[in-house]
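Trainee: Encoded as structure tokens, here's the structure I'll be asking about.
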Amino acid sequence: MRVVIVGGSFAGIHTAMALRKHCPDSEIILIEKQAKIGFIPSGINLLLKKEITEEKQLYWMTKEKMEAFYNVDVRINTEVASLGTTTNTLILQNGGQLTFDHLVIATGSNQQFKTISTESELIRSVRDAHLKEPLEEKIAQAQKVAIVGAGQVGIELAEGLVGQNKQIHLYESRKNLLFRYFDPEMVAPLREELEKRKIPVFLNEQVQSLVESESVTVTTDQRKERYDLVLLANHTRPDNRLWQEKLKLNDDGTIWVDDYLQTSAKNIYAIGDTIQVNFRPTEEKMYVSLVNNAIRTAHVVSRTISGKPTKDPGTYRPVGNHWFGYFLGSVGITEEESIFYPQQITKEYLTTQVSATDHQPVKIKIIQNEQQQLVGAQLQSKGNIFHLLDQFTLAIEESWTLEQLEEHELFFQPEYRMPIPFTKVVEDTHED
Ligand SMILES: Cc1cc2nc3c(=O)[nH]c(=O)nc-3n(C[C@H](O)[C@H](O)[C@H](O)COP(=O)(O)OP(=O)(O)OC[C@H]3O[C@@H](n4cnc5c(N)ncnc54)[C@H](O)[C@@H]3O)c2cc1C
């Protein structure tokens, strides 16, 4: 059996690895249009913050390792140009053809802006950091920088740039920073940190046009400003035009898939950032651009191809990060999106401290359903909360109540755990 996977990033690479385990005798071909596989999209921030120093650290996997350890035929600098569904054939840009028994589409997503050409020099997406003239050089030359999008990527970029003494402006079309994952009061300290560093955040401002000449003019419904450089950190979207003639797409341009992640064509699957997935708390189909989502869908598809048809359960959307001195984490629904939840929800605020020895307070907002089961949690602290985020993710996945979570047995070490339960807080003091 020959399985061809298109896209050498999180979803594609994980599919190849899992398939080697599930179908040891299959021929696995991984196609990537770039010269390297395994690019880390947040790599540019890590470079800016000097957390990595070498170009090779921008990649978490290599062609050589995939070939040596997983016996996968990796074809780099190879771009798919079109698909023949009746003949099970891929036509490549270099004129070649490749037939398959099963095809996995893992071509991911990009930051896009309506009228921007790929040749643009002063309007850049962090995703292309490794493709053109290194973005670090453009950043070094720029004094005034606009970041379009105040989600995970935009805030991360602002943090990377602030250490470089730039004038930074953040544009966000929604009324809240990180609106997808957090209610406003949970990110209020982050807004204060941005204000302290004199980074204006233009909330509720949709960027309408970006015009490049010597500089870039950013126009919104409320202002017009010129910048030396514009960094696109708006929500990513897949560009599925390549597949649209042969495969059914959803209205938002994602590839339509069934519960098994099979597309409208037999034996052709789509995963990762190319599709919508089930958001488990609300059973709503949504676009979730996260690495955990890419990895989960890769495993689902590998099992199905190996002859064990497996439905994709969907995601609880856990995310976590560390920005401007704050650790933030979120999983499940927020209060703002609870209108889509079929039951009445209640919210509660809890506190704890990071561990028995680290007294940094942790603020937690939980969302519970009518059976008191946890359906959402948001965490915020100056100390590391990622172990707690993992616990809440498990609790939500298992439909536990807060009491069940507190009674769950975990190892104890004073540097890593707080031995007493969470304390309920009567009223939130940071309401926006
Ligand atoms: C700056 C940034 C930071 C992020 N940080 C995080 C984070 O901390 N945590 C997290 O969970 N998520 C993060 N994300 C989201 C995460 O990167 C994506 O969800 C994830 O990369 C999706 O993986 P994927 O394999 O589906 O697609 P992609 O990573 O988009 O990869 C698709 C691959 O397919 C290749 N390809 C495309 N078309 C073709 C073709 N025609 N022929 C051959 N090859 C092709 C591309 O070159 C690419 O290598 C971040 C995103 C960005 C932009």
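Naming works like this for the structure tokens: A, B, ... for the chains as they're shown, residue 1 at the start of each chain, ligands 1 onward in shown order.
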Return as CSV the residues of chain A lying at most 6 Å from ligand 1, together with the closest atom-to-atom pair for each and the distance in Å to one decimal, counting only C-alpha atoms and all ligand atoms, with rows in chain order and ascending residue number.

Mentor:
```
residue,atom,partner,partner_atom_place_in_ligand_line,distance
A:Val6,CA,ligand 1,43 (C),5.3
A:Gly7,CA,ligand 1,34 (O),3.2
A:Gly8,CA,ligand 1,49 (O),4.7
A:Ser9,CA,ligand 1,25 (O),4.1
A:Phe10,CA,ligand 1,25 (O),3.9
A:Ala11,CA,ligand 1,25 (O),3.7
A:Gly12,CA,ligand 1,25 (O),5.5
A:Ile31,CA,ligand 1,43 (C),5.4
A:Glu32,CA,ligand 1,44 (N),3.9
A:Lys33,CA,ligand 1,43 (C),4.0
A:Gln34,CA,ligand 1,47 (O),5.4
A:Pro41,CA,ligand 1,2 (C),4.4
A:Ser42,CA,ligand 1,3 (C),4.0
A:Thr78,CA,ligand 1,43 (C),5.9
A:Glu79,CA,ligand 1,42 (N),3.7
A:Val80,CA,ligand 1,42 (N),4.2
A:Ala106,CA,ligand 1,26 (O),5.3
A:Thr107,CA,ligand 1,34 (O),3.5
A:Gly108,CA,ligand 1,27 (O),3.1
A:Ser109,CA,ligand 1,30 (O),4.3
A:Val126,CA,ligand 1,1 (C),5.5
A:Arg127,CA,ligand 1,53 (C),5.3
A:Val153,CA,ligand 1,1 (C),4.9
A:Gly272,CA,ligand 1,26 (O),3.5
A:Asp273,CA,ligand 1,26 (O),3.9
A:Ser289,CA,ligand 1,19 (O),3.7
A:Leu290,CA,ligand 1,19 (O),3.4
A:Val291,CA,ligand 1,11 (O),3.7
A:Asn292,CA,ligand 1,11 (O),5.5
A:Ala294,CA,ligand 1,26 (O),5.0
```

Trainee: Give the alpha helix (DSSP H) residues of segment 35-242 of chain A, as assigned by DSSP on the backbone, as a PyMOL selection string.

Mentor: chain A and resi 43-48+63-70+135-141+152-162+188-196

Trainee: Residues of segment 118-226 of chain A within 9 Å of segment 306-327 of chain A: nearest atom pair and distance (Å, one decimal) for each, counting only C-alpha atoms, sorted by chain and number, as JSON lines?

Mentor:
```
{"residue": "A:Gln152", "atom": "CA", "partner": "A:Asn321", "partner_atom": "CA", "distance": 8.0}
{"residue": "A:Ile155", "atom": "CA", "partner": "A:Trp323", "partner_atom": "CA", "distance": 7.2}
{"residue": "A:Glu156", "atom": "CA", "partner": "A:Trp323", "partner_atom": "CA", "distance": 6.6}
{"residue": "A:Glu159", "atom": "CA", "partner": "A:Phe324", "partner_atom": "CA", "distance": 6.5}
{"residue": "A:Tyr181", "atom": "CA", "partner": "A:Val319", "partner_atom": "CA", "distance": 7.7}
{"residue": "A:Pro189", "atom": "CA", "partner": "A:Tyr326", "partner_atom": "CA", "distance": 8.1}
{"residue": "A:Leu190", "atom": "CA", "partner": "A:Phe324", "partner_atom": "CA", "distance": 7.0}
{"residue": "A:Glu193", "atom": "CA", "partner": "A:Phe324", "partner_atom": "CA", "distance": 6.5}
{"residue": "A:Leu194", "atom": "CA", "partner": "A:Phe324", "partner_atom": "CA", "distance": 7.9}
```

Trainee: Take the residues from that selection and write them out as a short mmCIF file (atom, residue, chain, number, x, y, z; two decimals), in the first residue's frame, keeping N, CA and C atoms.

Mentor:
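This went into selection_25.cif:
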```
data_model
loop_
_atom_site.label_atom_id
_atom_site.label_comp_id
_atom_site.auth_asym_id
_atom_site.auth_seq_id
_atom_site.Cartn_x
_atom_site.Cartn_y
_atom_site.Cartn_z
N GLN A 152 -2.71 35.11 19.88
CA GLN A 152 -1.48 34.47 20.37
C GLN A 152 -0.24 34.97 19.64
N ILE A 155 0.60 38.93 20.07
CA ILE A 155 1.14 39.29 21.39
C ILE A 155 2.57 38.76 21.53
N GLU A 156 2.77 37.55 21.02
CA GLU A 156 4.11 36.95 21.06
C GLU A 156 5.10 37.84 20.30
N GLU A 159 5.94 41.02 22.13
CA GLU A 159 6.91 40.76 23.19
C GLU A 159 8.33 40.64 22.64
N TYR A 181 -9.84 32.72 23.25
CA TYR A 181 -9.57 31.81 24.37
C TYR A 181 -9.86 32.39 25.75
N PRO A 189 -4.55 42.01 33.11
CA PRO A 189 -3.16 42.32 33.48
C PRO A 189 -2.23 42.41 32.27
N LEU A 190 -2.54 41.63 31.25
CA LEU A 190 -1.72 41.66 30.04
C LEU A 190 -1.87 43.03 29.35
N GLU A 193 0.20 45.44 31.13
CA GLU A 193 1.63 45.30 30.79
C GLU A 193 1.93 45.97 29.45
N LEU A 194 1.02 45.85 28.50
CA LEU A 194 1.22 46.48 27.20
C LEU A 194 1.22 48.00 27.35
#
```

Trainee: Set out as a Markdown table a contact list for segment 267-371 of chain A and segment 240-262 of chain A with a cut-off of 8 Å, giving each residue of segment 267-371 of chain A that qualifies its closest atom pair and distance in Å to one decimal, counting only C-alpha atoms, ordered by chain and rising residue number.

Mentor:
```
| residue | atom | partner | partner_atom | distance |
| --- | --- | --- | --- | --- |
| A:Asn267 | CA | A:Gln262 | CA | 6.8 |
| A:Ile268 | CA | A:Gln262 | CA | 5.9 |
| A:Tyr269 | CA | A:Gln262 | CA | 4.3 |
| A:Ala270 | CA | A:Leu261 | CA | 6.0 |
| A:Ile271 | CA | A:Leu261 | CA | 6.8 |
| A:Thr274 | CA | A:Thr254 | CA | 5.5 |
| A:Ile275 | CA | A:Thr254 | CA | 4.8 |
| A:Gln276 | CA | A:Thr254 | CA | 6.4 |
| A:Thr297 | CA | A:Leu261 | CA | 7.8 |
| A:Val300 | CA | A:Tyr260 | CA | 7.5 |
| A:Val301 | CA | A:Leu261 | CA | 6.7 |
| A:Thr304 | CA | A:Tyr260 | CA | 7.3 |
| A:Pro309 | CA | A:Tyr260 | CA | 7.1 |
| A:Thr310 | CA | A:Tyr260 | CA | 5.9 |
| A:Lys311 | CA | A:Tyr260 | CA | 4.6 |
| A:Asp312 | CA | A:Asp259 | CA | 5.8 |
```

Trainee: If you keep N, CA and C atoms, can you produce a file of those selected residues as a compact mmCIF listing (two decimals), in the first residue's frame?

Mentor:
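Everything below was put into again38.txt:
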```
# COMPACT_ATOMS: atom_id res chain seq x y z
N ASN A 267 -10.74 7.51 0.03
CA ASN A 267 -9.31 7.29 0.34
C ASN A 267 -8.46 8.57 0.30
N ILE A 268 -9.13 9.72 0.31
CA ILE A 268 -8.39 10.99 0.41
C ILE A 268 -8.84 11.67 1.70
N TYR A 269 -7.87 11.95 2.56
CA TYR A 269 -8.17 12.50 3.88
C TYR A 269 -7.55 13.89 4.00
N ALA A 270 -8.13 14.72 4.88
CA ALA A 270 -7.55 16.04 5.14
C ALA A 270 -7.49 16.24 6.65
N ILE A 271 -6.40 16.86 7.11
CA ILE A 271 -6.17 16.97 8.56
C ILE A 271 -5.54 18.33 8.91
N THR A 274 -6.08 22.34 7.65
CA THR A 274 -6.85 22.46 6.41
C THR A 274 -8.35 22.29 6.63
N ILE A 275 -8.75 21.85 7.84
CA ILE A 275 -10.16 21.46 8.04
C ILE A 275 -10.79 22.17 9.25
N GLN A 276 -12.10 22.01 9.38
CA GLN A 276 -12.82 22.38 10.60
C GLN A 276 -12.91 21.12 11.46
N THR A 297 -5.47 14.81 14.79
CA THR A 297 -6.08 14.39 13.52
C THR A 297 -5.14 13.48 12.73
N VAL A 300 -5.66 10.01 14.18
CA VAL A 300 -6.97 9.47 13.79
C VAL A 300 -6.89 8.89 12.38
N VAL A 301 -6.33 9.67 11.47
CA VAL A 301 -6.26 9.26 10.07
C VAL A 301 -5.34 8.04 9.88
N THR A 304 -7.28 4.94 10.77
CA THR A 304 -8.28 4.60 9.75
C THR A 304 -7.60 3.96 8.54
N PRO A 309 -11.06 1.85 11.33
CA PRO A 309 -11.74 3.14 11.14
C PRO A 309 -11.98 3.84 12.47
N THR A 310 -11.51 5.09 12.57
CA THR A 310 -11.57 5.83 13.83
C THR A 310 -12.18 7.20 13.59
N LYS A 311 -13.17 7.53 14.43
CA LYS A 311 -13.78 8.86 14.31
C LYS A 311 -12.93 9.89 15.05
N ASP A 312 -12.90 11.10 14.53
CA ASP A 312 -12.18 12.16 15.24
C ASP A 312 -13.07 12.67 16.37
```

Trainee: I want to know what sits within 9 Å of segment 20-26 of chain A, based on only C-alpha atoms, with residues of the same chain fewer than 5 positions away left out; could you give that as a short mmCIF file (atom, residue, chain, number, x, y, z; two decimals) with N, CA and C atoms, in the first residue's frame?

Mentor:
```cif
data_model
loop_
_atom_site.label_atom_id
_atom_site.label_comp_id
_atom_site.auth_asym_id
_atom_site.auth_seq_id
_atom_site.Cartn_x
_atom_site.Cartn_y
_atom_site.Cartn_z
N MET A 1 0.86 -1.20 0.00
CA MET A 1 0.00 0.00 0.00
C MET A 1 0.89 1.24 0.00
N ARG A 2 0.57 2.18 -0.90
CA ARG A 2 1.33 3.43 -0.92
C ARG A 2 0.47 4.58 -0.36
N VAL A 3 1.02 5.24 0.67
CA VAL A 3 0.33 6.40 1.24
C VAL A 3 1.17 7.63 0.93
N THR A 15 1.56 12.09 10.86
CA THR A 15 0.87 11.02 10.13
C THR A 15 1.89 9.98 9.67
N TYR A 70 12.17 6.36 10.51
CA TYR A 70 10.79 5.98 10.19
C TYR A 70 10.65 5.39 8.78
N ASN A 71 11.75 5.30 8.07
CA ASN A 71 11.72 4.74 6.73
C ASN A 71 10.65 5.42 5.86
N VAL A 72 10.66 6.74 5.91
CA VAL A 72 9.70 7.53 5.11
C VAL A 72 10.47 8.17 3.96
N SER A 302 -4.27 7.98 10.64
CA SER A 302 -3.35 6.84 10.50
C SER A 302 -4.04 5.56 10.90
N ARG A 303 -4.85 5.62 11.97
CA ARG A 303 -5.56 4.41 12.40
C ARG A 303 -6.57 3.98 11.32
N ILE A 305 -6.50 4.56 8.10
CA ILE A 305 -5.80 4.01 6.92
C ILE A 305 -5.28 2.60 7.21
N SER A 306 -4.93 2.35 8.47
CA SER A 306 -4.38 1.03 8.81
C SER A 306 -5.47 -0.02 8.93
#
```

Trainee: Within 7 Å of segment 345-348 of chain A, counting only C-alpha atoms, which residues qualify if same-chain residues fewer than 2 places away don't, as a list in words?

Mentor: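 Counting only the stated atoms, we get Gln343, Leu350, Lys365, Ile366, Ile367, Gln368, Asn369 and Glu370 of chain A.
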
Trainee: Please provide as a VMD selection string all residues within 9 Å of segment 406-411 of chain A, with the sequence filter that same-chain residues fewer than 4 positions apart are discarded (counting only C-alpha atoms).

Mentor: chain A and resid 401 to 402 417 420 to 422
